[in-house]
$ cat input00.pdb   # PDB, C-alpha atoms
ATOM      1  CA  MET A  27     -19.226 126.696  95.504
ATOM      2  CA  ASP A  28     -15.451 126.680  95.495
ATOM      3  CA  ALA A  29     -13.248 125.516  92.627
ATOM      4  CA  HIS A  30     -12.234 122.263  94.372
ATOM      5  CA  ILE A  31     -15.844 121.106  94.758
ATOM      6  CA  ARG A  32     -16.698 122.043  91.169
ATOM      7  CA  LYS A  33     -13.612 120.250  89.835
ATOM      8  CA  VAL A  34     -14.216 117.056  91.839
ATOM      9  CA  TYR A  35     -18.002 116.768  91.572
ATOM     10  CA  VAL A  36     -19.083 118.449  88.310
ATOM     11  CA  PRO A  37     -19.798 116.319  86.330
ATOM     12  CA  MET A  38     -20.563 113.621  88.886
ATOM     13  CA  THR A  39     -20.035 109.908  88.828
ATOM     14  CA  GLU A  40     -23.178 107.780  88.841
ATOM     15  CA  THR A  41     -22.244 106.621  92.334
ATOM     16  CA  GLY A  42     -22.040 110.180  93.635
ATOM     17  CA  PHE A  43     -25.239 111.182  91.870
ATOM     18  CA  TYR A  44     -27.281 108.332  93.314
ATOM     19  CA  ILE A  45     -25.870 108.793  96.808
ATOM     20  CA  LEU A  46     -26.844 112.467  96.861
ATOM     21  CA  LEU A  47     -30.211 111.664  95.317
ATOM     22  CA  CYS A  48     -30.882 109.154  98.110
ATOM     23  CA  LEU A  49     -29.664 111.468 100.852
ATOM     24  CA  ARG A  50     -32.340 114.065 100.212
ATOM     25  CA  GLU A  51     -33.823 112.062 103.112
ATOM     26  CA  GLU A  52     -31.810 110.718 106.056
ATOM     27  CA  ALA A  53     -30.401 107.293 105.220
ATOM     28  CA  HIS A  54     -27.733 104.810 106.242
ATOM     29  CA  GLY A  55     -25.363 102.961 103.942
ATOM     30  CA  TYR A  56     -27.326  99.753 103.472
ATOM     31  CA  SER A  57     -30.549 101.627 102.685
ATOM     32  CA  ILE A  58     -28.674 103.666 100.062
ATOM     33  CA  VAL A  59     -27.409 100.451  98.443
ATOM     34  CA  GLN A  60     -30.958  99.065  98.348
ATOM     35  CA  ARG A  61     -32.515 102.274  96.987
ATOM     36  CA  VAL A  62     -29.933 102.557  94.214
ATOM     37  CA  LYS A  63     -30.451  98.913  93.300
ATOM     38  CA  ASP A  64     -34.226  99.468  93.157
ATOM     39  CA  MET A  65     -34.012 102.774  91.233
ATOM     40  CA  THR A  66     -31.725 101.289  88.585
ATOM     41  CA  GLY A  67     -33.437  97.927  88.239
ATOM     42  CA  GLY A  68     -30.318  96.255  89.609
ATOM     43  CA  GLU A  69     -28.000  97.821  87.009
ATOM     44  CA  ILE A  70     -25.978  99.682  89.651
ATOM     45  CA  LEU A  71     -24.856  97.703  92.674
ATOM     46  CA  LEU A  72     -22.779  99.758  95.088
ATOM     47  CA  SER A  73     -20.048  97.794  96.829
ATOM     48  CA  PRO A  74     -19.381  98.616 100.487
ATOM     49  CA  GLY A  75     -15.914  99.953  99.673
ATOM     50  CA  THR A  76     -17.190 102.305  96.996
ATOM     51  CA  LEU A  77     -20.159 103.438  99.077
ATOM     52  CA  TYR A  78     -18.338 104.113 102.328
ATOM     53  CA  GLY A  79     -15.347 105.680 100.574
ATOM     54  CA  THR A  80     -17.671 108.043  98.720
ATOM     55  CA  LEU A  81     -19.694 108.850 101.863
ATOM     56  CA  SER A  82     -16.470 109.664 103.721
ATOM     57  CA  LYS A  83     -15.211 111.919 100.931
ATOM     58  CA  MET A  84     -18.563 113.686 100.555
ATOM     59  CA  GLU A  85     -18.771 114.268 104.293
ATOM     60  CA  LYS A  86     -15.228 115.686 104.357
ATOM     61  CA  ASP A  87     -16.096 117.974 101.423
ATOM     62  CA  GLY A  88     -19.320 119.160 103.075
ATOM     63  CA  LEU A  89     -21.841 117.664 100.612
ATOM     64  CA  ILE A  90     -23.416 115.437 103.245
ATOM     65  CA  ARG A  91     -23.442 115.432 107.029
ATOM     66  CA  PHE A  92     -23.621 112.773 109.694
ATOM     67  CA  MET A  93     -26.944 113.153 111.478
ATOM     68  CA  ARG A  94     -26.980 110.468 114.145
ATOM     69  CA  GLU A  95     -26.382 106.810 114.849
ATOM     70  CA  GLU A  96     -29.247 104.354 115.080
ATOM     71  CA  GLU A  97     -28.678 100.698 115.950
ATOM     72  CA  LYS A  98     -24.979 100.998 115.036
ATOM     73  CA  ARG A  99     -25.865 102.512 111.647
ATOM     74  CA  LYS A 100     -24.737 106.017 110.743
ATOM     75  CA  LEU A 101     -27.454 108.173 109.206
ATOM     76  CA  TYR A 102     -26.455 110.878 106.730
ATOM     77  CA  GLN A 103     -28.287 113.658 104.920
ATOM     78  CA  ILE A 104     -27.461 116.020 102.074
ATOM     79  CA  THR A 105     -26.304 119.558 102.964
ATOM     80  CA  PRO A 106     -27.170 122.787 101.130
ATOM     81  CA  LEU A 107     -23.839 122.485  99.257
ATOM     82  CA  GLY A 108     -24.710 118.918  98.300
ATOM     83  CA  GLN A 109     -28.115 120.092  97.076
ATOM     84  CA  GLU A 110     -26.405 122.740  94.951
ATOM     85  CA  VAL A 111     -24.052 120.160  93.409
ATOM     86  CA  LEU A 112     -26.941 117.726  92.829
ATOM     87  CA  GLY A 113     -28.971 120.508  91.199
ATOM     88  CA  LEU A 114     -26.130 121.287  88.797
ATOM     89  CA  GLU A 115     -25.860 117.629  87.855
ATOM     90  CA  MET A 116     -29.615 117.302  87.350
ATOM     91  CA  LYS A 117     -29.558 120.318  85.011
ATOM     92  CA  ARG A 118     -26.595 118.806  83.123
ATOM     93  CA  ILE A 119     -28.413 115.481  82.716
ATOM     94  CA  ALA A 120     -31.603 117.262  81.583
ATOM     95  CA  ARG A 121     -29.566 119.148  78.958
ATOM     96  CA  LEU A 122     -27.984 115.907  77.732
ATOM     97  CA  TYR A 123     -31.424 114.294  77.460
ATOM     98  CA  ARG A 124     -32.860 117.311  75.629
ATOM     99  CA  ASN A 125     -29.954 117.299  73.171
ATOM    100  CA  MET A 126     -30.326 113.573  72.604
ATOM    101  CA  GLU A 127     -34.048 113.937  71.876
ATOM    102  CA  GLU A 128     -33.394 116.815  69.447
ATOM    103  CA  ALA A 129     -30.696 114.822  67.671
ATOM    104  CA  LYS A 130     -33.075 111.856  67.239
ATOM    105  CA  LYS A 131     -35.514 114.129  65.355
ATOM    106  CA  GLN A 132     -32.914 115.136  62.771
TER     107      GLN A 132
END
$ encode --input "input00.pdb" --output "structure tokens"
Amino acid sequence: MDAHIRKVYVPMTETGFYILLCLREEAHGYSIVQRVKDMTGGEILLSPGTLYGTLSKMEKDGLIRFMREEEKRKLYQITPLGQEVLGLEMKRIARLYRNMEEAKKQ
């Protein structure tokens, strides 16, 4: 992973995290919005501007790739680089959670 990717994506925004999490399977923009809404109990609502801007940036940076178009909807999926970045973020979040739990015991 090059320095640019690490600087831009580690740590990740919640938007970026949820997009990559959703794109472990092929998905289009609207389905990502719905999945994130469902996963977060409606606490995170991705606006079209935020979603499509982030998808465009992630595609340009090689974290996701355009797979195909279906009924005028673009389907994307995470790349190996995106999986690496997502894995780093998942480890970071797990560490934060572990530290929080340890601090609660003190």
$ resolve_selection --input "input00.pdb" --expression "the PyMOL selection byres ((chain A and resi 100) around 10)" --output "count of residues only"
15
$ resolve_selection --input "input00.pdb" --expression "the PyMOL selection byres ((chain A and resi 91) around 10)" --output "VMD selection string"
chain A and resid 49 52 81 to 82 84 to 90 92 to 94 101 to 105 108
$ closest_atom_pairs --input "input00.pdb" --of "stretch 45-71 of chain A" --to "stretch 111-124 of chain A" --cutoff "10 Å" --atoms "all atoms listed in the file" --output "JSON lines"
{"residue": "A:Ile45", "atom": "CA", "partner": "A:Leu112", "partner_atom": "CA", "distance": 9.8}
{"residue": "A:Leu46", "atom": "CA", "partner": "A:Leu112", "partner_atom": "CA", "distance": 6.6}
{"residue": "A:Leu47", "atom": "CA", "partner": "A:Leu112", "partner_atom": "CA", "distance": 7.3}
{"residue": "A:Arg50", "atom": "CA", "partner": "A:Leu112", "partner_atom": "CA", "distance": 9.9}
$ atom_distance --input "input00.pdb" --atom1 "atom CA of A:Asp28" --atom2 "atom CA of A:Thr41"
21.4 Å
$ atom_distance --input "input00.pdb" --atom1 "atom CA of A:Arg61" --atom2 "atom CA of A:Gly75"
17.0 Å
$ closest_residue --input "input00.pdb" --among "A:Leu107, A:Lys83, A:Ala29, A:Thr39" --to "A:Ile70" --atoms "all atoms listed in the file"
A:Thr39
$ atom_distance --input "input00.pdb" --atom1 "atom CA of A:Val34" --atom2 "atom CA of A:Asp64"
26.7 Å
